[in-house]
Structure formats: structure tokens, C-alpha cells
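Student: If it helps, the file is called final.txt and holds compact mmCIF, C-alpha atoms:
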```
# COMPACT_ATOMS: atom_id res chain seq x y z
CA MET A 139 61.63 -0.71 103.09
CA SER A 140 61.84 -4.50 103.16
CA THR A 141 59.84 -6.43 100.55
CA ALA A 142 60.13 -9.72 102.42
CA PRO A 143 56.75 -11.37 103.11
CA LEU A 144 55.30 -10.88 106.55
CA LYS A 145 55.27 -13.90 108.83
CA ASN A 146 51.50 -13.64 109.24
CA GLU A 147 50.79 -13.19 105.53
CA PRO A 148 48.26 -15.83 104.40
CA LYS A 149 49.85 -18.62 102.41
CA ILE A 150 48.47 -21.62 100.58
CA ASP A 151 49.00 -24.47 103.03
CA ALA A 152 48.90 -27.88 101.32
CA ASP A 153 48.17 -29.64 104.61
CA GLU A 154 45.24 -27.32 105.21
CA VAL A 155 43.97 -27.93 101.67
CA LEU A 156 44.22 -31.68 102.16
CA ASP A 157 42.39 -31.55 105.50
CA GLY A 158 39.52 -29.71 103.84
CA ILE A 159 39.39 -32.14 100.93
CA LEU A 160 39.22 -35.09 103.29
CA GLU A 161 36.29 -33.51 105.16
CA TRP A 162 34.36 -33.56 101.88
CA VAL A 163 35.54 -37.07 100.97
CA THR A 164 34.43 -38.43 104.33
CA ILE A 165 30.83 -37.56 103.38
CA GLU A 166 30.17 -40.32 100.85
CA SER A 167 27.88 -39.17 98.04
CA PRO A 168 26.99 -41.68 95.31
CA THR A 169 24.95 -40.08 92.55
CA HIS A 170 21.74 -42.06 93.03
CA ASP A 171 21.57 -41.43 96.79
CA ALA A 172 20.10 -37.92 96.95
CA THR A 173 20.21 -37.83 100.74
CA ALA A 174 23.91 -38.67 100.75
CA VAL A 175 24.71 -36.12 98.05
CA ASN A 176 22.78 -33.48 99.94
CA GLY A 177 24.91 -34.19 102.99
CA VAL A 178 27.98 -32.85 101.22
CA VAL A 179 25.89 -30.10 99.57
CA SER A 180 24.99 -28.87 103.06
CA LYS A 181 28.64 -28.92 104.09
CA VAL A 182 29.68 -26.86 101.06
CA GLU A 183 26.74 -24.49 101.44
CA GLY A 184 27.76 -23.66 105.00
CA GLN A 185 31.36 -23.00 104.03
CA PHE A 186 30.43 -20.58 101.23
CA ARG A 187 27.91 -18.80 103.46
CA ASP A 188 30.71 -18.28 105.95
CA LEU A 189 32.71 -16.56 103.19
CA GLY A 190 29.85 -14.13 102.69
CA LEU A 191 28.68 -15.43 99.33
CA LYS A 192 25.07 -15.33 98.17
CA VAL A 193 23.79 -18.90 98.17
CA ASP A 194 20.95 -20.36 96.12
CA ARG A 195 20.08 -24.02 96.69
CA THR A 196 17.64 -25.60 94.24
CA PRO A 197 15.88 -28.79 95.41
CA GLY A 198 16.78 -31.84 93.38
CA ARG A 199 14.37 -33.77 91.20
CA ASP A 200 14.06 -37.20 89.62
CA GLY A 201 15.79 -38.75 92.62
CA PHE A 202 18.93 -36.62 92.43
CA GLY A 203 20.43 -34.17 94.92
CA ASP A 204 20.22 -30.40 95.11
CA ILE A 205 22.00 -27.90 92.86
CA LEU A 206 24.07 -25.35 94.79
CA GLU A 207 24.95 -21.93 93.38
CA CYS A 208 27.20 -19.53 95.31
CA ARG A 209 27.89 -15.98 94.06
CA THR A 210 30.35 -13.37 95.22
CA PRO A 211 28.68 -10.18 96.51
CA TRP A 212 31.11 -8.04 94.55
CA GLY A 213 31.54 -7.46 90.83
CA GLY A 214 27.98 -6.49 89.97
CA GLU A 215 25.76 -8.36 87.55
CA GLY A 216 28.02 -8.29 84.48
CA PRO A 217 29.65 -11.32 82.84
CA GLY A 218 32.07 -12.96 85.22
CA ILE A 219 33.71 -16.30 86.00
CA LEU A 220 31.70 -19.51 86.29
CA VAL A 221 33.36 -22.26 88.34
CA LEU A 222 31.92 -25.75 87.82
CA ALA A 223 32.30 -28.75 90.10
CA HIS A 224 30.24 -31.80 90.97
CA LEU A 225 29.69 -33.30 94.40
CA ASP A 226 28.49 -36.77 93.41
CA THR A 227 30.75 -39.80 93.04
CA VAL A 228 30.43 -43.26 91.49
CA HIS A 229 31.32 -45.13 94.70
CA PRO A 230 28.52 -46.75 96.77
CA ILE A 231 28.06 -46.01 100.46
CA GLY A 232 30.50 -48.05 102.52
CA THR A 233 33.36 -47.94 100.02
CA ILE A 234 35.26 -45.70 102.41
CA GLY A 235 35.29 -48.48 105.00
CA ARG A 236 36.26 -51.26 102.63
CA GLU A 237 38.31 -51.15 99.44
CA LEU A 238 38.98 -47.40 99.38
CA LYS A 239 39.84 -46.32 102.89
CA ILE A 240 41.16 -42.81 103.37
CA ARG A 241 44.91 -43.08 103.72
CA ARG A 242 48.16 -41.51 102.61
CA GLU A 243 50.99 -43.50 101.09
CA GLY A 244 53.88 -41.23 100.17
CA ASP A 245 52.61 -38.62 97.73
CA SER A 246 49.32 -40.45 97.13
CA VAL A 247 46.17 -39.81 99.15
CA PHE A 248 43.30 -42.28 98.63
CA GLY A 249 39.55 -42.02 99.09
CA PRO A 250 36.24 -42.44 97.22
CA GLY A 251 35.72 -39.50 94.90
CA ILE A 252 38.87 -37.73 96.06
CA TYR A 253 40.25 -37.43 92.50
CA ASP A 254 36.92 -37.25 90.67
CA MET A 255 36.38 -34.67 91.93
CA LYS A 256 36.06 -33.53 95.51
CA ALA A 257 39.67 -32.34 95.56
CA GLY A 258 38.98 -29.99 92.65
CA GLY A 259 35.81 -28.63 94.19
CA TYR A 260 37.52 -27.92 97.49
CA ILE A 261 40.53 -26.34 95.75
CA ALA A 262 38.14 -23.82 94.15
CA TYR A 263 36.62 -23.01 97.55
CA TYR A 264 40.04 -22.69 99.20
CA ALA A 265 41.32 -20.49 96.35
CA LEU A 266 38.54 -17.97 96.89
CA ARG A 267 39.00 -18.12 100.66
CA HIS A 268 42.71 -17.49 100.16
CA LEU A 269 41.97 -14.30 98.21
CA ILE A 270 39.55 -13.14 100.88
CA ARG A 271 42.11 -13.83 103.62
CA GLN A 272 44.55 -11.61 101.73
CA GLY A 273 41.99 -8.84 101.58
CA LYS A 274 41.65 -9.27 97.81
CA LYS A 275 38.73 -9.65 95.44
CA SER A 276 38.42 -11.02 91.95
CA LYS A 277 38.11 -8.36 89.26
CA LEU A 278 35.01 -10.12 87.95
CA PRO A 279 32.01 -11.56 89.80
CA VAL A 280 32.39 -15.28 90.42
CA THR A 281 29.65 -17.93 90.46
CA PHE A 282 30.35 -21.39 91.84
CA LEU A 283 27.92 -24.04 90.59
CA PHE A 284 27.99 -27.42 92.34
CA ILE A 285 26.24 -30.22 90.43
CA PRO A 286 24.67 -33.34 92.05
CA GLU A 287 24.57 -35.83 89.14
CA GLU A 288 27.42 -35.17 86.72
CA GLU A 289 28.49 -38.81 86.82
CA VAL A 290 25.31 -39.80 84.95
CA GLY A 291 25.40 -36.94 82.44
CA SER A 292 23.90 -34.05 84.47
CA PRO A 293 20.33 -34.77 83.29
CA THR A 294 18.68 -32.37 85.77
CA SER A 295 21.49 -29.80 85.79
CA ARG A 296 22.31 -29.22 82.14
CA ASP A 297 19.80 -26.42 81.62
CA ARG A 298 21.04 -24.66 84.76
CA ILE A 299 24.66 -24.99 83.65
CA GLU A 300 23.95 -23.62 80.19
CA GLN A 301 21.87 -20.71 81.48
CA ALA A 302 24.59 -19.82 83.97
CA ALA A 303 27.31 -20.04 81.32
CA LYS A 304 25.52 -17.60 79.03
CA GLY A 305 25.91 -14.92 81.68
CA HIS A 306 29.64 -15.42 82.16
CA LYS A 307 32.83 -14.49 80.36
CA TYR A 308 34.89 -17.55 81.38
CA CYS A 309 34.30 -21.03 82.75
CA LEU A 310 36.73 -22.89 85.02
CA VAL A 311 35.98 -26.59 85.46
CA MET A 312 37.48 -28.26 88.51
CA GLU A 313 37.57 -31.79 87.12
CA PRO A 314 40.81 -33.63 87.97
CA GLY A 315 44.11 -32.76 86.41
CA ARG A 316 46.08 -35.49 84.72
CA ASP A 317 49.45 -36.67 83.49
CA GLY A 318 51.45 -34.21 85.56
CA ASP A 319 51.09 -30.47 85.07
CA ARG A 320 48.35 -30.69 82.46
CA VAL A 321 44.84 -29.34 82.08
CA VAL A 322 42.05 -30.11 79.59
CA THR A 323 41.22 -27.87 76.64
CA SER A 324 39.14 -30.26 74.51
CA ARG A 325 36.91 -33.27 75.06
CA LYS A 326 35.00 -35.63 72.83
CA GLY A 327 31.23 -35.44 72.68
CA VAL A 328 29.30 -38.21 74.41
CA GLY A 329 26.27 -40.07 73.10
CA ARG A 330 24.09 -42.62 74.90
CA PHE A 331 21.66 -45.00 73.22
CA VAL A 332 19.42 -47.90 74.20
CA LEU A 333 18.92 -50.70 71.67
CA THR A 334 15.88 -52.96 72.13
CA VAL A 335 15.41 -56.20 70.20
CA LYS A 336 12.14 -58.12 70.14
CA GLY A 337 11.89 -61.72 68.97
CA LYS A 338 9.46 -64.52 69.78
CA ALA A 339 9.45 -66.76 72.83
CA ALA A 340 9.24 -70.54 72.52
CA HIS A 341 10.15 -73.66 74.48
CA ALA A 342 13.87 -74.17 74.06
CA GLY A 343 13.47 -77.92 73.64
CA ALA A 344 10.03 -78.83 72.36
CA LYS A 345 9.40 -75.86 70.06
CA HIS A 346 12.78 -74.26 69.50
CA GLU A 347 12.08 -73.82 65.80
CA ASP A 348 9.06 -71.63 66.58
CA GLY A 349 11.15 -69.09 68.49
CA ARG A 350 13.08 -66.08 67.28
CA SER A 351 15.95 -65.35 69.64
CA ALA A 352 16.30 -61.69 70.63
CA VAL A 353 19.62 -62.53 72.26
CA LEU A 354 20.99 -64.01 69.03
CA GLU A 355 19.91 -60.88 67.15
CA MET A 356 21.45 -58.72 69.86
CA ALA A 357 24.75 -60.60 69.56
CA ARG A 358 24.81 -59.91 65.84
CA GLN A 359 23.98 -56.25 66.43
CA ILE A 360 26.72 -55.92 69.04
CA VAL A 361 29.33 -57.15 66.59
CA ARG A 362 28.06 -54.61 64.06
CA ILE A 363 28.02 -51.78 66.62
CA GLU A 364 31.47 -52.45 68.06
CA ALA A 365 32.87 -52.47 64.51
CA MET A 366 31.86 -48.80 64.23
CA THR A 367 34.83 -47.88 66.42
CA ASP A 368 37.37 -46.05 64.28
CA TYR A 369 40.44 -44.89 66.18
CA GLY A 370 41.74 -43.08 63.11
CA ARG A 371 38.72 -40.78 63.12
CA GLY A 372 38.55 -40.60 66.91
CA ILE A 373 35.31 -42.59 67.17
CA THR A 374 34.70 -45.13 69.93
CA VAL A 375 31.49 -47.13 70.30
CA ASN A 376 31.04 -49.36 73.33
CA VAL A 377 28.19 -51.71 74.26
CA GLY A 378 28.49 -51.56 78.02
CA LEU A 379 25.32 -53.12 79.43
CA VAL A 380 23.33 -56.02 77.97
CA GLN A 381 20.23 -57.78 79.31
CA GLY A 382 17.99 -60.42 77.78
CA GLY A 383 15.93 -63.53 78.24
CA THR A 384 13.71 -64.89 80.99
CA GLY A 385 15.00 -68.42 81.46
CA VAL A 386 17.63 -70.81 80.17
CA ASN A 387 14.94 -73.07 78.69
CA VAL A 388 13.11 -70.27 76.86
CA VAL A 389 14.02 -68.81 73.47
CA PRO A 390 14.46 -65.15 74.54
CA ALA A 391 11.81 -62.77 73.26
CA GLU A 392 13.51 -59.51 74.26
CA ALA A 393 16.97 -58.09 74.83
CA THR A 394 18.33 -54.60 75.50
CA ALA A 395 21.75 -53.02 75.29
CA GLU A 396 23.12 -49.63 76.33
CA ILE A 397 25.59 -48.01 73.97
CA ASP A 398 28.23 -45.35 74.65
CA LEU A 399 29.48 -43.19 71.77
CA ARG A 400 32.45 -40.77 71.83
CA VAL A 401 33.22 -38.45 68.89
CA PRO A 402 35.59 -35.49 68.44
CA ASP A 403 33.36 -33.06 66.53
CA ALA A 404 29.79 -32.11 65.69
CA ALA A 405 29.87 -33.51 62.14
CA LEU A 406 30.85 -36.96 63.38
CA ALA A 407 28.28 -36.68 66.16
CA ASP A 408 25.55 -36.19 63.55
CA GLU A 409 26.91 -38.97 61.33
CA MET A 410 27.24 -41.56 64.09
CA THR A 411 23.93 -40.65 65.72
CA ALA A 412 22.14 -41.21 62.42
CA THR A 413 23.96 -44.51 61.91
CA ILE A 414 23.09 -45.88 65.35
CA LEU A 415 19.48 -44.67 65.28
CA GLY A 416 19.14 -46.23 61.83
CA LEU A 417 20.11 -49.79 62.83
CA LYS A 418 18.01 -52.44 61.05
CA PRO A 419 17.39 -56.12 61.85
CA ILE A 420 19.95 -58.65 60.67
CA GLY A 421 17.90 -61.82 61.28
CA GLU A 422 14.38 -62.66 60.16
CA ASP A 423 11.17 -62.02 62.09
CA VAL A 424 12.75 -59.77 64.73
CA GLU A 425 12.28 -56.09 65.53
CA VAL A 426 14.99 -53.57 66.36
CA ALA A 427 14.45 -50.13 67.94
CA VAL A 428 16.99 -47.54 69.10
CA GLU A 429 16.45 -44.50 71.32
CA GLY A 430 18.90 -41.86 72.49
CA GLY A 431 21.32 -39.28 71.16
CA MET A 432 24.17 -36.99 72.15
CA ASN A 433 24.07 -35.94 75.80
CA ARG A 434 27.32 -33.95 75.82
CA PRO A 435 28.39 -31.94 72.76
CA PRO A 436 32.04 -31.99 71.64
CA TYR A 437 34.30 -29.47 73.42
CA ARG A 438 36.82 -28.10 70.92
CA LYS A 439 39.85 -25.92 71.61
CA ASP A 440 39.17 -22.60 69.88
CA ALA A 441 40.80 -19.15 69.99
CA GLY A 442 39.05 -18.16 73.23
CA ILE A 443 40.07 -21.37 74.99
CA SER A 444 43.63 -21.03 73.67
CA ALA A 445 43.87 -17.48 75.07
CA LEU A 446 42.55 -18.61 78.47
CA PHE A 447 45.01 -21.50 78.51
CA GLU A 448 47.88 -19.12 77.76
CA LYS A 449 46.88 -16.97 80.75
CA ALA A 450 46.95 -20.09 82.91
CA GLN A 451 50.39 -20.99 81.55
CA ALA A 452 51.71 -17.56 82.49
CA ILE A 453 50.38 -17.97 86.04
CA TYR A 454 51.99 -21.39 86.39
CA ARG A 455 55.33 -19.95 85.32
CA GLU A 456 55.13 -17.64 88.35
CA ILE A 457 55.86 -20.68 90.50
CA GLY A 458 58.45 -22.07 88.10
CA LYS A 459 56.24 -24.70 86.51
CA ASP A 460 55.25 -25.46 82.92
CA LEU A 461 51.55 -26.00 82.28
CA LYS A 462 50.51 -28.08 79.29
CA ASP A 463 47.24 -29.43 77.98
CA VAL A 464 46.38 -33.05 77.25
CA PRO A 465 45.49 -34.25 73.76
CA LEU A 466 41.80 -34.55 72.97
CA THR A 467 40.32 -36.73 75.75
CA GLY A 468 37.41 -39.13 75.47
CA GLY A 469 36.02 -38.38 78.91
CA GLY A 470 33.13 -35.93 79.10
CA SER A 471 32.40 -33.26 81.70
CA ASP A 472 30.06 -30.34 82.29
CA GLY A 473 32.69 -28.27 80.47
CA ASN A 474 31.36 -29.80 77.24
CA PHE A 475 28.15 -27.80 77.71
CA THR A 476 29.86 -24.46 78.32
CA ALA A 477 32.49 -24.82 75.58
CA ALA A 478 29.79 -25.71 73.04
CA LEU A 479 28.14 -22.36 73.82
CA GLY A 480 31.33 -20.52 72.90
CA ILE A 481 32.33 -19.70 76.49
CA PRO A 482 36.13 -19.93 76.92
CA THR A 483 36.40 -23.02 79.13
CA LEU A 484 39.45 -24.38 80.94
CA ASP A 485 38.95 -27.87 82.38
CA GLY A 486 40.96 -30.30 84.45
CA LEU A 487 41.98 -27.66 87.00
CA GLY A 488 41.63 -30.01 89.97
CA ALA A 489 44.29 -32.07 91.73
CA ASP A 490 46.50 -34.40 89.75
CA GLY A 491 46.23 -38.10 90.48
CA LYS A 492 44.81 -41.26 88.97
CA GLY A 493 42.20 -43.98 89.34
CA ALA A 494 38.96 -42.11 88.68
CA HIS A 495 36.05 -44.50 89.44
CA ALA A 496 38.50 -47.22 90.51
CA ALA A 497 39.25 -48.88 93.84
CA TYR A 498 42.66 -47.18 93.88
CA GLU A 499 41.41 -43.60 93.29
CA GLN A 500 44.00 -41.13 94.55
CA ILE A 501 45.34 -37.60 94.34
CA TYR A 502 48.93 -36.47 94.55
CA TYR A 503 49.68 -34.30 97.57
CA SER A 504 52.41 -32.52 95.60
CA SER A 505 49.80 -31.11 93.19
CA LEU A 506 47.71 -29.36 95.85
CA MET A 507 49.70 -26.16 96.26
CA PRO A 508 50.34 -25.56 92.53
CA ARG A 509 46.73 -26.26 91.57
CA THR A 510 45.34 -24.07 94.33
CA TYR A 511 47.72 -21.27 93.36
CA LEU A 512 46.64 -21.55 89.73
CA CYS A 513 42.96 -21.37 90.62
CA ALA A 514 43.42 -18.46 93.03
CA ARG A 515 45.41 -16.44 90.53
CA LEU A 516 42.91 -17.13 87.73
CA LEU A 517 40.11 -15.86 89.95
CA GLU A 518 42.21 -12.84 90.90
CA THR A 519 43.48 -11.81 87.46
CA LEU A 520 40.86 -12.71 84.85
CA GLU A 521 39.14 -9.59 83.55
```
Starting from the file, lay out its structure as C-alpha cells.
Tutor:
Amino acid sequence: MSTAPLKNEPKIDADEVLDGILEWVTIESPTHDATAVNGVVSKVEGQFRDLGLKVDRTPGRDGFGDILECRTPWGGEGPGILVLAHLDTVHPIGTIGRELKIRREGDSVFGPGIYDMKAGGYIAYYALRHLIRQGKKSKLPVTFLFIPEEEVGSPTSRDRIEQAAKGHKYCLVMEPGRDGDRVVTSRKGVGRFVLTVKGKAAHAGAKHEDGRSAVLEMARQIVRIEAMTDYGRGITVNVGLVQGGTGVNVVPAEATAEIDLRVPDAALADEMTATILGLKPIGEDVEVAVEGGMNRPPYRKDAGISALFEKAQAIYREIGKDLKDVPLTGGGSDGNFTAALGIPTLDGLGADGKGAHAAYEQIYYSSLMPRTYLCARLLETLE
């Protein structure tokens, strides 16, 4: 009996995958526009309903979009596979018609949010649909959780992600792949802080000596804060947003700055958090206050993650490719939450490409079939 594949046997079609990705990309969904985000949520909800999954849509809060959970009807209630993706992007409405038009140039396909991370989310959907088309099921129940505000730290979704993770054996995160055939097995923790400085207002000409400049104090603090960066220990500290003053002819009475911290492990997270929260005034007659903390715990490669990565490597070898992982990355994801709970988490499973958050954001067409195959086989074989 011939073992050759049948002509009508379902295959992963890269063109079909790309068409589906572009349908999602066309629905622009910046994080802070809940209506826009919910437009793509509705699209995804309908597609998973059509596959026969159980769908639970939780209304958004605090100005963010809805959380979408889709569960396979098979596999029972035992620990299964959690698939994480987010549907929000950083690009404002209209980007698709201006600096980031959908287009293909050779192997690169451009569009707002296509790399980070609508391609990955759609790949996960297509992978499950591919199994269903073949008449197959995953050995474990699968839950797909689509997040509406990952780009700002998942403030309304974190509890839902962590509760879902506790009921699962594995977590697959569909954030973008990178640097060729590589996935992510560890990420730095992320901290966010707001520094407020209060001084004393005065006329910049007539009574300058009576003022206490909050902006001057802030400048001194920024130099101190930026000096906390220590590449040798894997610590980066960045003052990314600064505001202060009310007029050019007024000694500024108040200034604020937003600080981003990245650290590789929990001990350094505690150390640096204490250091930043403990900032004291440098000048005289000014007040300094800091609020904030870690909003994503460090995600470290442990034995469980290593074993899951090895399974993924074996799958990739089935199509003659070598899967590797990237060194510890400074970018955070929702995988930080699941890995910190001890759930074996494999991240960066989405399409390869470059330009996350940039005006040249793109995926590589050549990565679509291998990445979809990897996801489908993980869903099929994990047990």
C-alpha cells in the first residue's frame, strides 16, 4: 500500500496563513482604543466559535478592551496547554494608511502590529484549525487566552493570566520569533516607577533666588538614575518620559519622570526596587517621592522550560531545521507571569521578522510554514 500523501490531505499553506494574518492586521487595534481592540477581538471570537471551541469573553475595564478565552471541548478539565497572545498594538489608528502600509517586498511583509504580534496569534489559531482539518485532536485540553493590553503591562489581565496558568501543564506564548530559527526561554523582569520632584515656584527674573527648581533637581536625579545601569550585571535603567514646569519665566515647582527597570533575576529586582524607591533629594529645600515597582517578574530558564524547549527542537528537526533559543532578552511579555509561577513556558513562537513598534515592522514570509508546523505539532504531541 502506498504511503504517499493524498492530494487532498490538508497541508499548511503559507499563503493561506499570510492571508489570515493580514485580515487581523487590517483591523487596527492600539491599546488605548478599546473599541478598536474589540473589533479584532470580535473577529477572533467568531473564528474560534467556528472551530467549535467554548468561548468566554470578559468585558474590559479601565478603558481597555475585552479578554477573550477559547477552550477546546475535548481533553476534560485536567491541566492542559495555555496559549497566550495579545491583540493590541502600539500603532495609532491610521498608521496602516500612512507610514506602515500593508505590503510585501520579497520575503518581508509589512503592517502595524504584524510582527508584534498578530502573526503569532493567527499562527496559533491556524495550527489548531490544521489539526482539526486533519481529524486530529491535541492530547491535552487547550486554552487560548487573548489579551487586550499587553503593550502597557497587562494591568487588567495579569490576574486572569496567572489564574489560567495555574490550571495548565504548559504555556506557549506566541510573541514574535527573532534572529532566525530562535525562540525565547528567558526574559528579564520589568519594573516601572514614577519619580515626582517638588520645589518652589518664583519669578524667573525678579525673584529667581526665592525659587527652588524641580527641573534642576530632576536633572540631577536623572543622572543618578541612569548611572544605575550595569551591563555586567544585566541591569538597565531608563528615564523615558520627563515633564516639568509651567512657563519659561517661572522657576519650576514640580517635575515628574517615568522610569523603566530591567533585571535578570528576583534578587536584583528586590535590590534595584529598594534603591529606586529609596531615592533622596540632592539639592536643598526640595522634595522627592517615588512610586511603583516590578510589573513583570523575571522569567528564568529552568529544568521544565529546558525540557519543553528540547521537545520543540525535536519537532523542528522533523522539517530539517535547527531550533535555538536567544540569550536572556530584556523585553518582557505575559510569559514572565506564567514562568514565574513555575509553569514550563516557551515564548517567541510567532513569526520571525523585525521592527517591533517601529515604522518598518515586518514579518518574514519564509518563517510562516515552519512556525505554524512547530505550533501545530506542539499542540498535537504535548502530554
Student: Return the single residue from A:Tyr260, A:Phe447, A:Phe475, A:Phe282 that is closest to Asn433 in chain A, with distances computed using only C-alpha atoms.
Tutor: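 Checking each candidate against Asn433 in chain A, we get A:Phe475 as the closest.
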Student: Place a sphere of radius 6 Å on (43.2, -44.3, 98.2) in the file coordinates and name every protein, DNA or RNA residue with an atom inside or on its surface, counting only C-alpha atoms; give the answer as a list in words.
Tutor: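 These residues have at least one counted atom within 6 Å: Leu238, Ile240, Arg241, Val247, Phe248, Gly249, Tyr498, Glu499 and Gln500 of chain A.
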Student: Could you pull the residues within 12 Å of Ser324 in chain A, counting all atoms listed in the file, minus those fewer than 2 positions along the same chain, as a count of residues only?
Tutor: 38
Student: In Å, with one decimal, what is the gap from CA of Thr413 in chain A to CA of Leu399 in chain A?
Tutor: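 We find that CA of Thr413 in chain A and CA of Leu399 in chain A lie 11.4 Å from each other.
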Student: For the atom pair CA of Val328 in chain A and CA of Arg358 in chain A, what is the interatomic distance in Å to one decimal place?
Tutor: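 CA of Arg358 in chain A lies at a distance of 23.8 Å from CA of Val328 in chain A.
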Student: Select, from A:Arg209, A:Gly273, A:Gly488, A:His346, the residue with the minimum atom-to-atom distance to Thr510 in chain A, counting only C-alpha atoms.
Tutor: A:Gly488
Student: Need to verify the contact set: Val332 in chain A, 7 Å, only C-alpha atoms, exclusion of same-chain residues closer than 4 positions in sequence. Can you return it as number ranges by chain?
Tutor: A: 394-397, 428-430
Student: Quick one, how far is CA of Asp319 in chain A from CA of Ile234 in chain A?
Tutor: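 Computing the Euclidean distance for CA of Asp319 in chain A and CA of Ile234 in chain A yields 28.0 Å.
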Student: Using only C-alpha atoms, which residue out of A:Ile501, A:Pro168, A:Glu147, A:Thr519 lies closest to Gln272 in chain A?
Tutor: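 Looking only at the distances to Gln272 in chain A, the closest residue turns out to be A:Glu147.
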